[in-house]
file query07.txt (compact mmCIF, C-alpha atoms)
# COMPACT_ATOMS: atom_id res chain seq x y z
CA MET W 1 6.07 -14.67 -10.65
CA GLU W 2 9.07 -16.54 -12.10
CA PRO W 3 12.45 -15.46 -10.64
CA TYR W 4 13.74 -14.25 -14.02
CA GLU W 5 10.62 -12.09 -14.57
CA LYS W 6 11.40 -10.20 -11.40
CA ILE W 7 14.66 -8.88 -12.80
CA TYR W 8 14.10 -8.92 -16.57
CA VAL W 9 14.61 -5.44 -18.04
CA LYS W 10 12.51 -4.76 -21.15
CA PRO W 11 14.66 -3.34 -23.99
CA SER W 12 12.02 -0.59 -24.41
CA PHE W 13 12.99 0.66 -20.93
CA LEU W 14 16.40 1.65 -22.32
CA LYS W 15 14.74 4.16 -24.63
CA THR W 16 12.95 5.98 -21.79
CA ASN W 17 14.41 8.88 -19.83
CA HIS W 18 15.03 6.65 -16.83
CA GLY W 19 16.57 3.97 -19.05
CA LYS W 20 19.13 6.41 -20.42
CA ILE W 21 20.59 6.84 -16.94
CA GLY W 22 23.36 4.31 -16.35
CA CYS W 23 22.37 1.40 -14.10
CA GLU W 24 25.25 2.12 -11.73
CA VAL W 25 24.07 5.70 -11.12
CA CYS W 26 21.20 4.42 -9.00
CA HIS W 27 22.16 0.83 -8.17
CA ASN W 28 25.97 0.93 -7.82
CA GLY W 29 27.76 -2.25 -8.93
CA ASP W 30 30.29 -2.70 -11.74
CA THR W 31 28.76 -2.36 -15.22
CA LYS W 32 31.88 -3.62 -16.97
CA ASP W 33 32.38 -6.77 -14.96
CA PRO W 34 31.07 -9.83 -16.85
CA ASP W 35 31.08 -11.94 -13.66
CA TRP W 36 27.62 -11.40 -12.12
CA GLN W 37 28.82 -12.22 -8.61
CA THR W 38 31.57 -9.59 -8.45
CA ALA W 39 29.57 -7.16 -10.62
CA HIS W 40 26.82 -7.12 -7.97
CA LYS W 41 29.19 -6.29 -5.12
CA GLY W 42 27.78 -3.28 -3.29
CA ILE W 43 24.57 -3.34 -5.36
CA ILE W 44 21.59 -1.39 -4.03
CA LYS W 45 18.38 -3.23 -4.82
CA ASP W 46 16.04 -0.35 -3.98
CA PRO W 47 17.95 2.92 -4.33
CA THR W 48 14.82 4.86 -3.35
CA PHE W 49 14.75 3.65 0.26
CA PRO W 50 15.41 4.95 2.84
CA ASP W 51 16.59 8.10 1.07
CA ALA W 52 15.15 8.92 -2.34
CA ASP W 53 16.75 12.36 -2.44
CA LYS W 54 19.89 11.18 -4.23
CA THR W 55 18.02 9.19 -6.88
CA CYS W 56 14.44 10.26 -7.65
CA GLY W 57 15.06 13.54 -5.85
CA GLU W 58 17.60 14.63 -8.44
CA CYS W 59 14.72 15.35 -10.84
CA HIS W 60 11.59 15.03 -8.69
CA GLU W 61 12.68 16.97 -5.63
CA ASP W 62 9.20 18.46 -5.23
CA ILE W 63 7.82 14.95 -4.64
CA THR W 64 10.62 13.27 -2.68
CA SER W 65 10.91 16.16 -0.25
CA THR W 66 7.50 15.21 1.19
CA ALA W 67 7.23 11.55 0.13
CA LYS W 68 10.17 10.55 2.34
CA ASN W 69 7.97 11.46 5.32
CA SER W 70 4.78 9.94 3.90
CA LEU W 71 2.71 7.26 5.61
CA HIS W 72 3.91 4.55 3.23
CA TYR W 73 7.56 5.46 3.78
CA THR W 74 7.63 5.84 7.55
CA LEU W 75 4.57 3.93 8.85
CA ALA W 76 4.83 6.48 11.63
CA PRO W 77 1.33 5.96 13.08
CA PHE W 78 2.17 2.27 13.51
CA GLY W 79 5.16 3.18 15.66
CA GLY W 80 2.99 5.63 17.57
CA VAL W 81 0.47 2.93 18.47
CA ILE W 82 3.17 0.49 19.63
CA LYS W 83 4.88 3.23 21.62
CA ALA W 84 1.62 4.27 23.30
CA ARG W 85 1.00 0.68 24.41
CA ALA W 86 4.62 -0.22 25.27
CA ASN W 87 6.19 -0.44 28.70
CA LYS W 88 8.09 2.82 28.73
CA LYS W 89 9.10 2.72 32.39
CA ASP W 90 11.62 -0.08 31.91
CA LYS W 91 14.19 1.01 29.31
CA ARG W 92 15.40 -2.55 28.67
CA VAL W 93 11.86 -3.79 28.03
CA PHE W 94 11.08 -0.81 25.80
CA GLU W 95 14.19 -1.49 23.70
CA LYS W 96 13.11 -5.10 23.21
CA VAL W 97 9.67 -3.93 22.08
CA CYS W 98 11.28 -1.52 19.61
CA GLN W 99 13.46 -4.34 18.23
CA ALA W 100 10.44 -6.59 17.79
CA LYS W 101 8.57 -3.75 16.11
CA GLU W 102 11.46 -3.25 13.68
CA LYS W 103 11.58 -6.95 12.89
CA HIS W 104 7.87 -7.46 12.36
CA CYS W 105 6.10 -4.17 11.71
CA SER W 106 8.63 -2.04 9.88
CA ALA W 107 9.04 -4.57 7.04
CA CYS W 108 5.75 -3.34 5.59
CA HIS W 109 6.93 0.09 4.43
CA SER W 110 6.96 1.14 0.79
CA SER W 111 9.11 3.50 -1.28
CA CYS W 112 9.11 5.30 -4.65
CA GLY W 113 10.57 2.21 -6.31
CA GLN W 114 8.31 -0.25 -4.53
CA CYS W 115 5.23 1.46 -5.98
CA HIS W 116 6.39 2.80 -9.35
CA VAL W 117 8.94 0.19 -10.49
CA SER W 118 8.49 -3.08 -8.64
CA ARG W 119 6.18 -4.87 -6.27
CA PRO W 120 6.86 -4.13 -2.61
CA ASP W 121 9.63 -6.02 -0.79
CA TYR W 122 6.92 -7.39 1.52
CA VAL W 123 5.91 -9.72 -1.35
CA ALA W 124 9.50 -10.33 -2.47
CA GLY W 125 9.56 -7.62 -5.13
CA GLY W 126 9.72 -8.16 -8.89
CA PHE W 127 9.43 -5.57 -11.68
CA LEU W 128 5.92 -4.39 -12.50
CA ALA W 129 6.76 -4.06 -16.21
CA GLY W 130 10.39 -4.85 -16.98
CA HIS W 131 11.71 -1.84 -15.02
CA LEU W 132 9.46 0.58 -16.95
CA PHE W 133 8.38 3.26 -14.48
CA GLN W 134 4.63 3.26 -13.86
CA GLU W 135 3.30 6.74 -13.17
CA LYS W 136 0.06 5.24 -11.91
CA PRO W 137 0.78 1.74 -10.58
CA CYS W 138 -1.69 -1.08 -11.16
CA MET W 139 -3.69 -1.59 -7.97
CA ASP W 140 -3.90 -5.37 -8.44
CA THR W 141 -0.14 -5.82 -8.35
CA THR W 142 0.91 -2.90 -6.17
CA CYS W 143 -1.73 -1.91 -3.59
CA ALA W 144 -3.07 -5.47 -3.30
CA SER W 145 0.39 -6.79 -2.40
CA CYS W 146 0.13 -5.25 1.06
CA HIS W 147 -3.58 -4.41 1.41
CA GLY W 148 -4.86 -7.67 -0.07
CA GLY W 149 -6.04 -9.20 3.19
CA ARG W 150 -8.66 -6.69 4.17
CA VAL W 151 -9.20 -3.50 2.15
CA TYR W 152 -8.55 -4.87 -1.35
CA ALA W 153 -10.69 -7.94 -0.70
CA GLU W 154 -13.54 -5.72 0.49
CA PHE W 155 -13.18 -3.30 -2.42
CA THR W 156 -13.17 -6.00 -5.10
CA GLY W 157 -15.80 -8.23 -3.46
CA ALA W 158 -13.45 -11.12 -2.71
CA ASN W 159 -15.16 -11.84 0.61
CA ASP W 160 -17.84 -14.49 0.06
CA GLU W 161 -21.39 -13.20 0.43
CA TYR W 162 -20.32 -9.56 0.57
CA PRO W 163 -20.62 -7.31 -2.48
CA ALA W 164 -17.74 -5.32 -3.97
CA ASP W 165 -17.61 -1.59 -3.38
CA VAL W 166 -20.01 0.26 -5.67
CA HIS W 167 -17.17 2.51 -6.81
CA HIS W 168 -15.29 -0.56 -8.05
CA ASP W 169 -18.24 -2.50 -9.38
CA LYS W 170 -20.25 0.17 -11.15
CA GLU W 171 -17.76 2.94 -11.79
CA GLU W 172 -14.69 0.72 -12.28
CA MET W 173 -12.70 3.03 -10.06
CA THR W 174 -9.29 2.01 -8.78
CA CYS W 175 -7.57 2.77 -5.47
CA MET W 176 -5.79 5.71 -7.08
CA ASP W 177 -9.03 7.45 -8.09
CA CYS W 178 -9.54 8.34 -4.41
CA HIS W 179 -6.04 7.87 -3.03
CA THR W 180 -4.27 10.30 -5.33
CA GLY W 181 -0.55 10.96 -5.64
CA LYS W 182 -1.10 14.08 -3.54
CA GLU W 183 -2.16 11.88 -0.63
CA MET W 184 0.42 9.15 -1.26
CA HIS W 185 3.28 11.67 -1.38
CA ALA W 186 2.02 13.89 1.46
CA ASP W 187 4.28 14.65 4.41
CA ALA W 188 2.79 12.81 7.41
CA THR W 189 5.13 14.18 10.05
CA GLY W 190 3.27 14.41 13.35
CA VAL W 191 0.18 12.67 11.98
CA ALA W 192 -1.13 10.19 14.55
CA SER W 193 -3.33 8.21 12.20
CA ARG W 194 -4.05 7.98 8.49
CA PHE W 195 -7.47 9.45 9.22
CA ASP W 196 -5.80 12.68 10.30
CA LEU W 197 -3.89 13.28 7.09
CA PRO W 198 -5.29 16.46 5.50
CA GLU W 199 -4.82 15.00 1.99
CA ARG W 200 -6.91 11.88 2.70
CA PRO W 201 -9.90 11.09 0.45
CA ARG W 202 -13.20 12.77 1.28
CA CYS W 203 -16.58 11.41 0.16
CA GLU W 204 -17.94 14.94 -0.18
CA LYS W 205 -15.38 15.76 -2.85
CA CYS W 206 -17.51 13.79 -5.33
CA HIS W 207 -20.76 13.93 -3.35
CA PRO W 208 -21.02 17.59 -2.29
CA ASP W 209 -24.82 17.46 -2.05
CA VAL W 210 -24.61 15.14 0.97
CA VAL W 211 -23.00 17.79 3.15
CA SER W 212 -24.82 20.77 1.63
CA LYS W 213 -27.32 22.76 3.69
CA LYS W 214 -30.27 21.29 1.78
CA PRO W 215 -29.36 17.77 0.67
CA LYS W 216 -31.67 16.02 -1.77
CA THR W 217 -32.08 13.01 0.51
CA SER W 218 -33.81 13.50 3.85
CA SER W 219 -31.66 10.89 5.61
CA HIS W 220 -28.56 12.93 4.74
CA ALA W 221 -30.12 16.02 6.31
CA ILE W 222 -30.97 14.10 9.48
CA HIS W 223 -27.68 12.27 9.93
CA ARG W 224 -25.23 14.82 8.57
CA ASN W 225 -22.29 15.26 10.95
CA LYS W 226 -23.86 12.77 13.37
CA VAL W 227 -22.77 9.53 11.74
CA ALA W 228 -19.81 8.74 9.50
CA CYS W 229 -20.76 7.93 5.88
CA GLN W 230 -19.71 4.28 6.37
CA VAL W 231 -22.18 3.76 9.24
CA CYS W 232 -25.02 3.79 6.69
CA HIS W 233 -23.20 2.81 3.50
CA ALA W 234 -20.65 0.09 4.38
CA VAL W 235 -21.20 -3.59 5.02
CA ALA W 236 -19.35 -6.10 7.20
CA ASN W 237 -15.56 -5.86 7.35
CA LYS W 238 -12.84 -8.34 8.26
CA ASN W 239 -11.81 -8.41 11.91
CA CYS W 240 -8.73 -10.22 13.24
CA PHE W 241 -7.92 -11.29 16.78
CA ASN W 242 -5.01 -12.45 18.93
CA CYS W 243 -1.82 -11.94 16.99
CA HIS W 244 1.48 -13.28 18.33
CA ALA W 245 4.82 -12.66 16.68
CA GLY W 246 8.07 -14.61 17.03
CA THR W 247 11.17 -15.98 15.32
CA ASP W 248 11.42 -19.63 14.22
CA LYS W 249 14.43 -21.98 14.45
CA LYS W 250 15.73 -20.76 11.08
CA GLY W 251 15.66 -17.18 12.33
CA LEU W 252 12.64 -16.26 10.19
CA PRO W 253 9.99 -14.00 11.67
CA TYR W 254 6.46 -15.41 11.93
CA PHE W 255 3.07 -14.39 13.26
CA LYS W 256 0.05 -16.36 14.38
CA SER W 257 -3.41 -14.87 14.48
CA ASN W 258 -6.29 -16.92 15.80
CA GLU W 259 -9.47 -16.05 14.03
CA THR W 260 -10.91 -13.81 11.36
CA ARG W 261 -14.54 -12.73 11.51
CA MET W 262 -16.71 -10.69 9.16
CA LEU W 263 -18.54 -8.22 11.41
CA PHE W 264 -20.28 -4.90 11.20
CA LYS W 265 -20.01 -2.92 14.42
CA ILE W 266 -20.90 0.69 15.03
CA GLY W 267 -19.17 2.39 17.94
CA LEU W 268 -18.82 5.79 19.52
CA ASN W 269 -16.34 8.09 17.84
CA PRO W 270 -13.34 8.00 20.20
CA ASN W 271 -11.70 11.07 18.77
CA LYS W 272 -14.04 13.80 17.55
CA THR W 273 -12.39 16.44 15.39
CA LYS W 274 -13.63 19.35 13.30
CA ASP W 275 -13.34 17.14 10.21
CA ARG W 276 -14.77 14.09 11.98
CA PRO W 277 -17.48 15.36 14.32
CA TYR W 278 -19.59 12.21 14.15
CA ASN W 279 -21.11 10.56 17.21
CA TYR W 280 -21.01 7.15 15.56
CA VAL W 281 -18.36 5.50 13.39
CA VAL W 282 -17.67 2.00 12.05
CA LEU W 283 -15.15 -0.02 14.04
CA ARG W 284 -12.76 -2.80 13.14
CA HIS W 285 -10.77 -5.11 15.40
CA PRO W 286 -7.14 -5.34 14.19
CA PRO W 287 -5.06 -8.35 15.30
CA ALA W 288 -3.91 -6.45 18.41
CA ASP W 289 -3.06 -8.41 21.55
CA PRO W 290 -1.23 -7.48 24.77
CA ARG W 291 0.93 -10.60 24.38
CA LEU W 292 1.89 -9.71 20.79
CA PHE W 293 5.63 -9.55 21.60
CA ASP W 294 5.76 -12.04 24.51
CA PHE W 295 8.19 -14.18 22.48
CA TYR W 296 10.73 -11.36 22.82
CA ILE W 297 9.80 -9.83 26.15
CA LYS W 298 7.07 -10.45 28.74
CA ASP W 299 4.74 -7.53 29.51
CA GLY W 300 6.28 -5.47 26.72
CA LEU W 301 2.91 -3.85 26.04
CA SER W 302 2.00 -3.06 29.64
CA ASP W 303 0.14 0.12 28.59
CA PHE W 304 -2.04 -1.83 26.21
CA ASN W 305 -5.25 -0.25 27.50
CA LYS W 306 -4.18 3.24 26.47
CA LEU W 307 -5.83 2.75 23.05
CA PRO W 308 -9.01 0.95 22.01
CA THR W 309 -8.63 -2.41 20.25
CA TRP W 310 -11.83 -1.68 18.33
CA LYS W 311 -10.54 1.00 16.01
CA LEU W 312 -12.12 3.65 13.82
CA ASP W 313 -12.41 2.24 10.32
CA THR W 314 -13.59 3.12 6.84
CA PRO W 315 -14.56 -0.19 5.19
CA HIS W 316 -14.05 -0.15 1.43
CA ASN W 317 -17.30 -1.90 0.48
CA ILE W 318 -19.61 1.08 0.07
CA GLN W 319 -23.18 0.43 -1.13
CA ARG W 320 -26.05 2.85 -1.70
CA ILE W 321 -28.47 0.46 0.00
CA THR W 322 -27.19 -1.64 2.90
CA PRO W 323 -28.96 -3.93 5.39
CA GLN W 324 -28.84 -1.19 8.04
CA ASN W 325 -30.13 1.69 5.89
CA LYS W 326 -33.03 -0.04 4.14
CA THR W 327 -35.43 1.31 6.77
CA CYS W 328 -34.97 3.56 9.81
CA ASN W 329 -35.53 0.73 12.23
CA ASN W 330 -33.06 -1.58 10.56
CA CYS W 331 -30.60 0.56 12.48
CA HIS W 332 -32.57 2.40 15.16
CA GLY W 333 -33.06 0.04 18.06
CA ASN W 334 -31.01 -2.71 16.36
CA VAL W 335 -28.70 -3.47 19.29
CA SER W 336 -26.71 -6.10 17.37
CA LEU W 337 -25.23 -3.42 15.10
CA PHE W 338 -23.69 -1.51 17.98
CA LEU W 339 -20.56 -2.59 19.85
CA GLN W 340 -21.72 -3.83 23.25
CA LYS W 341 -19.80 -4.78 26.37
CA ASN W 342 -20.49 -8.43 25.69
CA ASP W 343 -18.84 -8.12 22.24
CA VAL W 344 -15.60 -7.23 23.98
CA THR W 345 -13.41 -9.75 25.84
CA ASP W 346 -12.80 -9.16 29.55
CA TRP W 347 -9.24 -7.95 29.13
CA GLU W 348 -10.30 -5.43 26.46
CA GLN W 349 -13.09 -3.76 28.45
CA LYS W 350 -10.95 -0.94 29.78
CA ALA W 351 -9.28 -0.20 26.45
CA ASN W 352 -12.63 0.04 24.68
CA ALA W 353 -14.64 1.94 27.28
CA GLY W 354 -14.69 4.97 24.98
CA VAL W 355 -16.07 3.16 21.94
CA VAL W 356 -18.59 0.69 23.41
CA VAL W 357 -22.13 2.05 22.90
CA PRO W 358 -24.10 2.13 26.16
CA GLN W 359 -27.79 1.17 25.98
CA ALA W 360 -28.81 4.80 26.49
CA LYS W 361 -26.91 5.84 23.36
CA ILE W 362 -28.41 3.26 21.03
CA PRO W 363 -30.87 5.21 18.84
CA LYS W 364 -34.46 4.45 19.81
CA PRO W 365 -36.79 2.79 17.27
CA LEU W 366 -38.86 5.31 15.30
CA LYS W 367 -42.11 5.53 13.49
CA GLU W 368 -41.09 5.32 9.82
CA ILE W 369 -40.56 8.79 8.35
CA SER W 370 -42.95 9.81 5.62
CA PRO W 371 -41.27 10.02 2.20
CA LYS W 372 -42.75 13.53 1.97
CA TRP W 373 -40.67 14.66 4.95
CA LYS W 374 -38.48 17.68 4.21
CA PRO W 375 -35.59 18.92 6.31
CA MET E 376 37.73 15.25 -74.41
CA LYS E 377 40.00 13.68 -71.83
CA SER E 378 39.41 16.50 -69.35
CA LEU E 379 35.64 16.23 -69.87
CA LEU E 380 35.81 12.48 -69.06
CA LYS E 381 37.95 13.24 -66.02
CA LYS E 382 35.39 15.80 -64.78
CA LYS E 383 32.54 13.33 -65.29
CA CYS E 384 34.42 10.60 -63.43
CA HIS E 385 35.21 12.99 -60.63
CA ARG E 386 31.54 14.01 -60.34
CA ALA E 387 30.37 10.37 -60.36
CA GLY E 388 32.93 9.55 -57.70
CA LEU E 389 31.64 12.34 -55.51
CA ILE E 390 28.06 11.13 -55.93
CA VAL E 391 29.06 7.58 -54.96
CA VAL E 392 30.97 8.80 -51.90
CA PHE E 393 28.03 11.02 -50.90
CA ALA E 394 25.59 8.13 -51.36
CA ILE E 395 27.75 5.84 -49.23
CA ALA E 396 27.99 8.54 -46.56
CA VAL E 397 24.22 9.06 -46.60
CA PHE E 398 23.45 5.33 -46.34
CA LEU E 399 26.12 4.31 -43.89
CA GLY E 400 26.27 7.45 -41.75
CA PRO E 401 23.24 6.86 -39.48
CA ALA E 402 23.80 3.12 -39.49
CA HIS E 403 27.34 3.69 -38.30
CA GLY E 404 26.05 6.01 -35.56
CA TYR E 405 23.44 3.41 -34.54
CA ALA E 406 26.12 0.76 -34.40
CA LYS E 407 28.13 3.04 -32.17
CA ALA E 408 25.17 3.45 -29.80
CA GLU E 409 24.63 -0.29 -29.80
CA THR E 410 28.26 -0.81 -28.84
CA ALA E 411 27.91 1.66 -25.97
CA GLU E 412 24.84 -0.21 -24.72
CA ALA E 413 26.50 -3.57 -25.15
CA LYS E 414 29.39 -2.37 -23.02
CA SER E 415 27.11 -2.46 -19.99
CA GLU E 416 27.17 -5.99 -18.71
CA CYS E 417 24.08 -5.18 -16.62
CA ILE E 418 22.04 -4.53 -19.77
CA THR E 419 23.51 -7.47 -21.66
CA CYS E 420 22.45 -9.84 -18.91
CA HIS E 421 19.20 -8.27 -17.64
CA THR E 422 17.67 -8.10 -21.15
CA ASP E 423 18.49 -11.73 -21.94
CA VAL E 424 15.73 -14.01 -20.70
CA LYS E 425 17.65 -17.24 -21.36
CA LYS E 426 20.66 -15.99 -19.44
CA LEU E 427 18.50 -14.89 -16.52
CA ILE E 428 16.71 -18.24 -16.35
CA ARG E 429 20.01 -20.16 -16.37
CA LEU E 430 21.52 -17.86 -13.76
CA GLY E 431 18.39 -18.19 -11.66
CA TRP E 432 18.85 -21.96 -11.51
CA LYS E 433 22.49 -21.51 -10.57
CA ILE E 434 21.68 -19.06 -7.79
CA GLU E 435 18.84 -21.23 -6.50
CA LYS E 436 21.28 -24.18 -6.16
CA THR E 437 23.96 -22.25 -4.31
CA ARG E 438 21.83 -19.81 -2.32
CA PRO E 439 18.26 -21.04 -1.75
CA LYS E 440 15.92 -18.25 -0.72
CA PRO E 441 14.99 -18.16 2.96
CA GLY E 442 11.27 -17.73 2.16
CA LYS E 443 8.63 -17.26 4.84
CA SER E 444 8.46 -19.07 8.15
CA ALA E 445 6.39 -22.22 8.09
CA GLU E 446 5.12 -21.29 11.55
CA THR E 447 3.12 -18.33 10.21
CA ALA E 448 -0.59 -18.98 10.62
CA GLY E 449 -3.67 -16.83 10.15
CA LYS E 450 -4.16 -13.50 8.47
CA GLY E 451 -1.99 -10.51 9.21

call {"tool": "encode", "arguments": {"input": "query07.txt", "output": "structure tokens"}}
result
Amino acid sequence: MEPYEKIYVKPSFLKTNHGKIGCEVCHNGDTKDPDWQTAHKGIIKDPTFPDADKTCGECHEDITSTAKNSLHYTLAPFGGVIKARANKKDKRVFEKVCQAKEKHCSACHSSCGQCHVSRPDYVAGGFLAGHLFQEKPCMDTTCASCHGGRVYAEFTGANDEYPADVHHDKEEMTCMDCHTGKEMHADATGVASRFDLPERPRCEKCHPDVVSKKPKTSSHAIHRNKVACQVCHAVANKNCFNCHAGTDKKGLPYFKSNETRMLFKIGLNPNKTKDRPYNYVVLRHPPADPRLFDFYIKDGLSDFNKLPTWKLDTPHNIQRITPQNKTCNNCHGNVSLFLQKNDVTDWEQKANAGVVVPQAKIPKPLKEISPKWKP
Amino acid sequence: MKSLLKKKCHRAGLIVVFAIAVFLGPAHGYAKAETAEAKSECITCHTDVKKLIRLGWKIEKTRPKPGKSAETAGKG
């Protein structure tokens, strides 16, 4: 995007309700000063962060009152994970970890403006459409800016040899068809993970038959509530390993992650809930590493083993037919699909004890079920 | 005769004035709105592509953007 495009205001914006509000009302600055340098003194680039109450909230109070505590605004679960793994006994060390977290992790937040007006700051901003407010942002320029590495690539089929999600390919659905405004703007206070947000997308919303008492497909009757939907209907996802963060000589933050692997691993559900009662879920390895913040402080994440490094995941590459669901025994007895001890590095064994599938829990091979079978 | 001519002239004058008012009224109002918009230097500059491009070059020369660290490697 050319620098001028990022800040070019379309004249048509001035005719909209938002365009009729004076620039200075939201952004400060001096509207009468012809010298751009002095006119921009005290300018607020994104007036919707960290507090949208005084801008968007003036008219959209019903949305900002919850959105300011949403997952995109606060990234609260991220902080929760770092805190759980951090050295909390030594106050000085903990403070250093918090500083590193602020520098590296907290830059990824979003805001009203960074979804509905411009691209997120994480990708250096720039108006989506000449400052025209987008009620439903375009997923290719908005969502993909931050989720382009894993989820967006899976969803759109950008990973070589792996198909796009059937919802994208056949139904031409976008992120927002499942991840509605209700979810995006939901108050996430006290939510430990995005999977615990009550407003999150649910497959059964569009596929109620699957969870009904008498589903049309026998495999749904057999596996209902035992395996997560993605265990049968997702394909390999992107896994990252060994991330280290630091600051270079110019003072710019950097990270280095070693390898990226496309894998499909089923693990035990580490946190069964009423909504997620499954025995088996799909896992993904994020770029977590106990030495993540060693540049700033040694042993900052001394409680690293408190959480698994193979995390619950919902890959966004859903298919009706997948390699593992073509026949019963493509999964049953197929040890390579299940996370084993030897898939996990030595230093991660303890952290992942709750998700590694022991031999005894790998489903035994079956005689193929007759198509006439009825639940 | 004279008074009849006077009346006719008066009526024609009124019509002309009314016509001018009808034609120029909204245009005058529009011009007023334009002036109000033009008073905002923000709008004058941010809706002018040429100006923004030239300013962009100027800013780039005096304050180059820090960009991302060259040491970053791998996928985040």

call {"tool": "interface_residues", "arguments": {"input": "query07.txt", "of": "chain E", "to": "chain W", "cutoff": "9 Å", "atoms": "only C-alpha atoms", "output": "list of chain:residue names"}}
result
E:Glu412, E:Lys414, E:Ser415, E:Glu416, E:Cys417, E:Ile418, E:Cys420, E:His421, E:Thr422, E:Asp423, E:Val424, E:Lys425, E:Lys426, E:Leu427, E:Ile428, E:Arg429, E:Leu430, E:Gly431, E:Pro441, E:Gly442, E:Lys443, E:Ser444, E:Ala445, E:Glu446, E:Thr447, E:Ala448, E:Gly449, E:Lys450, E:Gly451

call {"tool": "residues_around", "arguments": {"input": "query07.txt", "residues": "W:Met262", "least_positions_apart": "4", "cutoff": "10 Å", "atoms": "only C-alpha atoms", "output": "PyMOL selection string"}}
result
chain W and resi 159-160+162+235-240+284

call {"tool": "atom_distance", "arguments": {"input": "query07.txt", "atom1": "atom CA of W:Cys206", "atom2": "atom CA of W:Asn225"}}
result
17.0 Å

call {"tool": "atom_distance", "arguments": {"input": "query07.txt", "atom1": "atom CA of E:Lys440", "atom2": "atom CA of W:Lys45"}}
result
15.8 Å

call {"tool": "atom_distance", "arguments": {"input": "query07.txt", "atom1": "atom CA of W:Val281", "atom2": "atom CA of W:Asp313"}}
result
7.4 Å

call {"tool": "residues_around", "arguments": {"input": "query07.txt", "residues": "W:Cys203", "least_positions_apart": "4", "cutoff": "10 Å", "atoms": "only C-alpha atoms", "output": "PyMOL selection string"}}
result
chain W and resi 178+207-208+210-211+229-230
